[in-house]
Amino acid sequence: MSDVAPARATLFLEAPEPEVAGLARSVLRDRSVRIGVTVVGVVVLLAVAAPLVAALVGHGPTEQFQSEALDSSGVPIGPSSSFWLGADGNGRDVLVRVLYGARVSLLVGIPATTIAMVIGTLVGLLAGFFGGWVDQVLSQVTDVVLSFPFVVTALSLVALNRTEDGSSRVSPVLLVIGIVAAFSWTYFARLTRGLTAELRSRPFVEASETIGSGSWRIIRRDVLPNIAPAVIVYWAVQLPTNIVAEATLSFLGIGVQAPTPSWGNMIADAQRTSLYQVQPWFLIGPAVGLVATVVGFNAISNGVRNVLDPHHGTR
Amino acid sequence: MLTYVVRRIGRSALTLLIVLLVTFVLTRIAYRNPAATLAPRNADQQVMDGITKALRLDEPWHLQLVHYLLRGPDIQGAAVGLLHWPPALGYSFRKQTPVTELILSKVPVTASLALGAVVIWMTFSLVTGVLSARRPGSVTDKVISAVAYVGLSLPTFLTGILLSYFLFFKLATYGIRWFPSSGYVPFRESPFEWARHLLLPWLAIAIAEIGIFQRVVRGSMLEVLSADYIRTARAKGLAERRVYFDHALRSALNPVITLGGLELAAILGGAIVVETIFGLDGVGRLAIESALSGDYPVVIGTTLFASVVFILSTLTVDVVTRLRDHASVTH
């Protein structure tokens, strides 16, 4: 097979090119997307600026200032000129920890969601494109993974990660990334499988096959570019869910381990010690960080969905 | 229809089998050195060997699998497992009881938690969803949707803490003690106390779910309401209430049931969080405490338990929705 024939064939049977530029413009004009992008932008900016703020106020994320930040009975102080959001039960700066917590959330959430996207897309492409027994096997695997409830299974895996002397076999952060990815690729696989199976029967894919393009070439050239936008939108849908998943595991004490600050383990600290009842910022700080991030990403994906599918919302 | 049900059951059975095998492999990893975990300090080799033998870890893996499925290992001469209820899932390191018994003893609490939460979330989301769908874009719709959006964005553990802060701690400072912050009273002892103790935990689980389901009910109702047969029903002069509740809601329920089954099946995740915050002694609390104390057989047992619940409930939901579709087609 010469290289010329398929090239010419694609000239006539070009895959339907979505109006990317126009679409991007109307997405960015959506109010919900604008709010979401602003909120997420602020969170990312603060996460990046965390060391700067730490240097500015002179408090590290795990440094304890028990003499300055705790009163004589050991109760943390509220907001002051040196501790802007007050201190936690160990005399650590809540603001600095909240900002470092943003880093942890993003550094766990983004890689986990991206790994899940890559695995899920690959599985979905194979299942949807080849169908038959490949599809059956992969669907069965997906079913099995889906039938392991997230938190309980995570408990098992984290428990098994501990050695007899109490240390961990794998770094807890890597384990959390792995667990979250292992539980979220299935959603990408389902989405991609459906889209691929649908594209498979479209004329331009059949044409590519007729002129003898190999399966991988068709997947790469015809299928992948067409499903990519939907998969990327879904990435933004899954990310906040995964950030909450990390926070939940850390809240339960099986995710990111103290003293590394994570919004989840900070909220757990505040709840366990009940100190938030006298120093509310101990709880409000990480809670606002978490909720703002989730709401921001949800707003973006809602807006994008409204633009792509105008009938989805109000009719 | 029958072929569908049979195939669906076969598929679930296969999934169940694979889940069993996976959890068994997990116990094999966990049991790498159980003698050290179980034995008293400074135990000599003879005691260690005795424990290994009692746990049947000296046998080939396929026999261990049989013991895993059918009966737990014998410890202190007590036969456990088959006598109680297969599969035995092994034996708790800490509590010295069979895992199955341990889990089943905690089920009433978690089941009460799940059932009450479902009743609350389904009632609220059906009412608010239908109200929203009546006049899309109206003030009512916007307010309900905004509140649902907030509920949906709050992680369960945060909802739980906020509820216990405002409805327990804050009310208590004013001398109002309507809602206890923890504890469980069995239904048989006092239904009123049972509900009073569980109200905050129910809300903690239900609030996020209402956020999700309100949207699903609304969307599904809007879709059904634009269908031809609804227009016909209206044209016949049927009362609006009957159009909504007799005709529209019935067809709009299908996606709600499907998603409801999935969410209910996965409720143990939320139960772990809520039972931790409100000090309820259920399956979720058992799971987290065993995980933190290294009681592997119990953790893995709860994982298996939760998977079985999930597989059975999704199977039921699939078959029920299929039967409903079938009934409405032949109707």
# chains A, B, ... in the order shown; residues from 1 in each chain; ligands from 1
call {"tool": "residues_around", "arguments": {"residues": "Asp88 (chain A)", "least_positions_apart": "4", "cutoff": "7 Å", "atoms": "only C-alpha atoms", "output": "list in words"}}
result
Pro76, Arg92, Asp93, Val94 and Phe282 of chain A
call {"tool": "write_last_selection", "arguments": {"atoms": "all heavy atoms", "output": "PDB file, in the first residue's frame"}}
result
ATOM      1  N   PRO A  76      -5.723  27.393  70.347  1.00  0.00           N
ATOM      2  CA  PRO A  76      -5.103  28.200  69.282  1.00  0.00           C
ATOM      3  C   PRO A  76      -5.730  29.589  69.176  1.00  0.00           C
ATOM      4  O   PRO A  76      -6.918  29.761  69.444  1.00  0.00           O
ATOM      5  CB  PRO A  76      -5.375  27.381  68.025  1.00  0.00           C
ATOM      6  CG  PRO A  76      -6.523  26.495  68.363  1.00  0.00           C
ATOM      7  CD  PRO A  76      -6.401  26.206  69.817  1.00  0.00           C
ATOM      8  N   ARG A  92       0.214  25.709  64.375  1.00  0.00           N
ATOM      9  CA  ARG A  92       0.688  25.928  63.007  1.00  0.00           C
ATOM     10  C   ARG A  92      -0.220  26.948  62.318  1.00  0.00           C
ATOM     11  O   ARG A  92      -1.398  27.079  62.647  1.00  0.00           O
ATOM     12  CB  ARG A  92       0.680  24.602  62.233  1.00  0.00           C
ATOM     13  CG  ARG A  92       1.694  23.620  62.784  1.00  0.00           C
ATOM     14  CD  ARG A  92       1.598  22.273  62.127  1.00  0.00           C
ATOM     15  NE  ARG A  92       0.335  21.617  62.417  1.00  0.00           N
ATOM     16  CZ  ARG A  92       0.150  20.295  62.278  1.00  0.00           C
ATOM     17  NH1 ARG A  92       1.127  19.534  61.838  1.00  0.00           N
ATOM     18  NH2 ARG A  92      -1.024  19.770  62.559  1.00  0.00           N
ATOM     19  N   ASP A  93       0.351  27.658  61.340  1.00  0.00           N
ATOM     20  CA  ASP A  93      -0.372  28.715  60.643  1.00  0.00           C
ATOM     21  C   ASP A  93      -1.424  28.108  59.705  1.00  0.00           C
ATOM     22  O   ASP A  93      -1.088  27.417  58.755  1.00  0.00           O
ATOM     23  CB  ASP A  93       0.632  29.560  59.851  1.00  0.00           C
ATOM     24  CG  ASP A  93      -0.004  30.805  59.271  1.00  0.00           C
ATOM     25  OD1 ASP A  93      -1.133  30.702  58.772  1.00  0.00           O
ATOM     26  OD2 ASP A  93       0.636  31.871  59.320  1.00  0.00           O
ATOM     27  N   VAL A  94      -2.724  28.400  59.969  1.00  0.00           N
ATOM     28  CA  VAL A  94      -3.796  27.804  59.164  1.00  0.00           C
ATOM     29  C   VAL A  94      -3.732  28.268  57.713  1.00  0.00           C
ATOM     30  O   VAL A  94      -3.870  27.465  56.785  1.00  0.00           O
ATOM     31  CB  VAL A  94      -5.188  28.103  59.785  1.00  0.00           C
ATOM     32  CG1 VAL A  94      -6.295  27.714  58.824  1.00  0.00           C
ATOM     33  CG2 VAL A  94      -5.357  27.362  61.099  1.00  0.00           C
ATOM     34  N   PHE A 282      -9.956  27.345  61.744  1.00  0.00           N
ATOM     35  CA  PHE A 282      -9.310  26.038  61.697  1.00  0.00           C
ATOM     36  C   PHE A 282     -10.106  25.115  60.756  1.00  0.00           C
ATOM     37  O   PHE A 282      -9.549  24.331  59.985  1.00  0.00           O
ATOM     38  CB  PHE A 282      -9.290  25.487  63.126  1.00  0.00           C
ATOM     39  CG  PHE A 282      -8.486  24.243  63.358  1.00  0.00           C
ATOM     40  CD1 PHE A 282      -7.730  23.657  62.346  1.00  0.00           C
ATOM     41  CD2 PHE A 282      -8.483  23.647  64.614  1.00  0.00           C
ATOM     42  CE1 PHE A 282      -6.995  22.512  62.591  1.00  0.00           C
ATOM     43  CE2 PHE A 282      -7.753  22.500  64.851  1.00  0.00           C
ATOM     44  CZ  PHE A 282      -7.016  21.931  63.834  1.00  0.00           C
TER      45      PHE A 282
END
call {"tool": "residues_around", "arguments": {"residues": "region 169-177 of chain A", "least_positions_apart": "5", "cutoff": "10 Å", "atoms": "only C-alpha atoms", "output": "PyMOL selection string"}}
result
chain A and resi 104+107-113+115-116+154+157-158+160-163+182+242+245-246+249-250+254-257+260
call {"tool": "interface_residues", "arguments": {"of": "chain A", "to": "chain B", "cutoff": "9 Å", "atoms": "only C-alpha atoms", "output": "ChimeraX atom specification"}}
result
/A:140-141,143-160,162,164,244-245,247-248,251-254,267-268,271-272,277,287,290-292,294-295,298,312-315
call {"tool": "closest_residue", "arguments": {"among": "A:Val134, A:Val40, A:Ile232, A:Leu239", "to": "Gly289 (chain A)", "atoms": "only C-alpha atoms"}}
result
A:Val40
call {"tool": "residues_around", "arguments": {"residues": "Thr110 (chain B)", "least_positions_apart": "3", "cutoff": "12 Å", "atoms": "only C-alpha atoms", "output": "PyMOL selection string"}}
result
chain B and resi 103-107+113-117+184+186+198+201-202+205+264+267-276+279-287+306
call {"tool": "atom_distance", "arguments": {"atom1": "CA of Arg31 (chain A)", "atom2": "CA of Asn306 (chain A)"}}
result
10.6 Å
call {"tool": "residues_around", "arguments": {"residues": "Asp318 (chain B)", "least_positions_apart": "4", "cutoff": "9 Å", "atoms": "only C-alpha atoms", "output": "count of residues only"}}
result
8
call {"tool": "select_by_dssp", "arguments": {"residues": "region 102-246 of chain A", "states": "alpha helix (DSSP H)", "output": "NGL selection string"}}
result
:A and (102-130 or 132-146 or 150-161 or 172-200 or 203-210 or 215-218 or 224-246)
call {"tool": "atom_distance", "arguments": {"atom1": "CA of Leu262 (chain B)", "atom2": "CA of Ile210 (chain B)"}}
result
14.4 Å
call {"tool": "residues_around", "arguments": {"residues": "Gly101 (chain A)", "least_positions_apart": "2", "cutoff": "9 Å", "atoms": "only C-alpha atoms", "output": "PyMOL selection string"}}
result
chain A and resi 47+96-99+103-106+260-264+266+286+289
call {"tool": "write_last_selection", "arguments": {"atoms": "C-alpha atoms", "output": "tab-separated table (two decimals), in the first residue's frame"}}
result
chain	number	residue	atom	x	y	z
A	47	ALA	CA	-1.32	27.01	45.35
A	96	VAL	CA	-0.08	28.64	55.10
A	97	ARG	CA	-1.39	25.11	55.59
A	98	VAL	CA	-4.53	25.82	53.56
A	99	LEU	CA	-2.41	27.08	50.68
A	103	ARG	CA	-1.02	22.08	46.24
A	104	VAL	CA	-1.62	18.60	47.65
A	105	SER	CA	-5.18	18.54	46.29
A	106	LEU	CA	-4.06	19.52	42.81
A	260	THR	CA	1.79	17.04	55.32
A	261	PRO	CA	-1.17	19.44	55.10
A	262	SER	CA	-4.16	18.27	53.06
A	263	TRP	CA	-7.62	19.84	53.25
A	264	GLY	CA	-9.02	16.47	54.27
A	266	MET	CA	-6.90	19.44	58.35
A	286	PRO	CA	-9.68	24.16	54.50
A	289	GLY	CA	-10.59	25.82	49.86
call {"tool": "closest_residue", "arguments": {"among": "A:Ile119, A:Val53, A:Leu85, A:Ala69", "to": "Pro280 (chain A)", "atoms": "only C-alpha atoms"}}
result
A:Leu85
call {"tool": "decode", "arguments": {"residues": "region 214-234 of chain A", "atoms": "N, CA, C and O atoms", "output": "PDB file, in the first residue's frame"}}
result
ATOM      1  N   GLY A 214      -4.598   0.575   8.575  1.00  0.00           N
ATOM      2  CA  GLY A 214      -4.553  -0.336   9.705  1.00  0.00           C
ATOM      3  C   GLY A 214      -5.404   0.195  10.848  1.00  0.00           C
ATOM      4  O   GLY A 214      -5.720   1.379  10.908  1.00  0.00           O
ATOM      5  N   SER A 215      -5.762  -0.729  11.782  1.00  0.00           N
ATOM      6  CA  SER A 215      -6.632  -0.340  12.891  1.00  0.00           C
ATOM      7  C   SER A 215      -6.053   0.810  13.697  1.00  0.00           C
ATOM      8  O   SER A 215      -6.741   1.770  14.026  1.00  0.00           O
ATOM      9  N   TRP A 216      -4.738   0.697  14.016  1.00  0.00           N
ATOM     10  CA  TRP A 216      -4.129   1.726  14.854  1.00  0.00           C
ATOM     11  C   TRP A 216      -4.151   3.072  14.176  1.00  0.00           C
ATOM     12  O   TRP A 216      -4.361   4.093  14.809  1.00  0.00           O
ATOM     13  N   ARG A 217      -3.922   3.029  12.843  1.00  0.00           N
ATOM     14  CA  ARG A 217      -3.917   4.276  12.092  1.00  0.00           C
ATOM     15  C   ARG A 217      -5.304   4.921  12.136  1.00  0.00           C
ATOM     16  O   ARG A 217      -5.441   6.125  12.338  1.00  0.00           O
ATOM     17  N   ILE A 218      -6.343   4.085  11.991  1.00  0.00           N
ATOM     18  CA  ILE A 218      -7.704   4.626  12.035  1.00  0.00           C
ATOM     19  C   ILE A 218      -8.011   5.191  13.420  1.00  0.00           C
ATOM     20  O   ILE A 218      -8.550   6.285  13.563  1.00  0.00           O
ATOM     21  N   ILE A 219      -7.615   4.426  14.452  1.00  0.00           N
ATOM     22  CA  ILE A 219      -7.875   4.901  15.816  1.00  0.00           C
ATOM     23  C   ILE A 219      -7.195   6.240  16.043  1.00  0.00           C
ATOM     24  O   ILE A 219      -7.776   7.183  16.555  1.00  0.00           O
ATOM     25  N   ARG A 220      -5.904   6.316  15.578  1.00  0.00           N
ATOM     26  CA  ARG A 220      -5.131   7.519  15.836  1.00  0.00           C
ATOM     27  C   ARG A 220      -5.623   8.706  15.012  1.00  0.00           C
ATOM     28  O   ARG A 220      -5.749   9.809  15.498  1.00  0.00           O
ATOM     29  N   ARG A 221      -5.903   8.439  13.742  1.00  0.00           N
ATOM     30  CA  ARG A 221      -6.198   9.547  12.835  1.00  0.00           C
ATOM     31  C   ARG A 221      -7.682   9.932  12.810  1.00  0.00           C
ATOM     32  O   ARG A 221      -8.016  11.109  12.651  1.00  0.00           O
ATOM     33  N   ASP A 222      -8.555   8.941  12.886  1.00  0.00           N
ATOM     34  CA  ASP A 222      -9.974   9.232  12.699  1.00  0.00           C
ATOM     35  C   ASP A 222     -10.771   9.239  13.992  1.00  0.00           C
ATOM     36  O   ASP A 222     -11.656  10.066  14.177  1.00  0.00           O
ATOM     37  N   VAL A 223     -10.479   8.278  14.884  1.00  0.00           N
ATOM     38  CA  VAL A 223     -11.319   8.147  16.077  1.00  0.00           C
ATOM     39  C   VAL A 223     -10.875   9.093  17.181  1.00  0.00           C
ATOM     40  O   VAL A 223     -11.651   9.907  17.680  1.00  0.00           O
ATOM     41  N   LEU A 224      -9.590   9.012  17.538  1.00  0.00           N
ATOM     42  CA  LEU A 224      -9.095   9.781  18.681  1.00  0.00           C
ATOM     43  C   LEU A 224      -9.380  11.285  18.589  1.00  0.00           C
ATOM     44  O   LEU A 224      -9.901  11.875  19.541  1.00  0.00           O
ATOM     45  N   PRO A 225      -9.069  11.935  17.434  1.00  0.00           N
ATOM     46  CA  PRO A 225      -9.329  13.372  17.381  1.00  0.00           C
ATOM     47  C   PRO A 225     -10.807  13.710  17.567  1.00  0.00           C
ATOM     48  O   PRO A 225     -11.141  14.782  18.068  1.00  0.00           O
ATOM     49  N   ASN A 226     -11.691  12.791  17.193  1.00  0.00           N
ATOM     50  CA  ASN A 226     -13.113  13.084  17.313  1.00  0.00           C
ATOM     51  C   ASN A 226     -13.675  12.875  18.708  1.00  0.00           C
ATOM     52  O   ASN A 226     -14.679  13.469  19.058  1.00  0.00           O
ATOM     53  N   ILE A 227     -13.051  11.963  19.460  1.00  0.00           N
ATOM     54  CA  ILE A 227     -13.574  11.766  20.813  1.00  0.00           C
ATOM     55  C   ILE A 227     -12.836  12.627  21.839  1.00  0.00           C
ATOM     56  O   ILE A 227     -13.311  12.809  22.944  1.00  0.00           O
ATOM     57  N   ALA A 228     -11.671  13.187  21.433  1.00  0.00           N
ATOM     58  CA  ALA A 228     -10.849  13.936  22.385  1.00  0.00           C
ATOM     59  C   ALA A 228     -11.606  15.055  23.112  1.00  0.00           C
ATOM     60  O   ALA A 228     -11.498  15.156  24.338  1.00  0.00           O
ATOM     61  N   PRO A 229     -12.398  15.904  22.400  1.00  0.00           N
ATOM     62  CA  PRO A 229     -13.072  16.988  23.124  1.00  0.00           C
ATOM     63  C   PRO A 229     -13.958  16.465  24.255  1.00  0.00           C
ATOM     64  O   PRO A 229     -13.896  16.980  25.382  1.00  0.00           O
ATOM     65  N   ALA A 230     -14.754  15.430  23.983  1.00  0.00           N
ATOM     66  CA  ALA A 230     -15.648  14.891  25.010  1.00  0.00           C
ATOM     67  C   ALA A 230     -14.846  14.346  26.184  1.00  0.00           C
ATOM     68  O   ALA A 230     -15.205  14.555  27.352  1.00  0.00           O
ATOM     69  N   VAL A 231     -13.732  13.656  25.876  1.00  0.00           N
ATOM     70  CA  VAL A 231     -12.919  13.074  26.942  1.00  0.00           C
ATOM     71  C   VAL A 231     -12.313  14.173  27.809  1.00  0.00           C
ATOM     72  O   VAL A 231     -12.291  14.077  29.035  1.00  0.00           O
ATOM     73  N   ILE A 232     -11.866  15.254  27.182  1.00  0.00           N
ATOM     74  CA  ILE A 232     -11.249  16.341  27.946  1.00  0.00           C
ATOM     75  C   ILE A 232     -12.283  17.045  28.823  1.00  0.00           C
ATOM     76  O   ILE A 232     -12.023  17.363  29.980  1.00  0.00           O
ATOM     77  N   VAL A 233     -13.494  17.242  28.288  1.00  0.00           N
ATOM     78  CA  VAL A 233     -14.559  17.824  29.114  1.00  0.00           C
ATOM     79  C   VAL A 233     -14.809  16.908  30.306  1.00  0.00           C
ATOM     80  O   VAL A 233     -14.958  17.361  31.443  1.00  0.00           O
ATOM     81  N   TYR A 234     -14.815  15.605  30.068  1.00  0.00           N
ATOM     82  CA  TYR A 234     -15.078  14.669  31.149  1.00  0.00           C
ATOM     83  C   TYR A 234     -13.966  14.693  32.192  1.00  0.00           C
ATOM     84  O   TYR A 234     -14.213  14.470  33.373  1.00  0.00           O
TER      85      TYR A 234
END
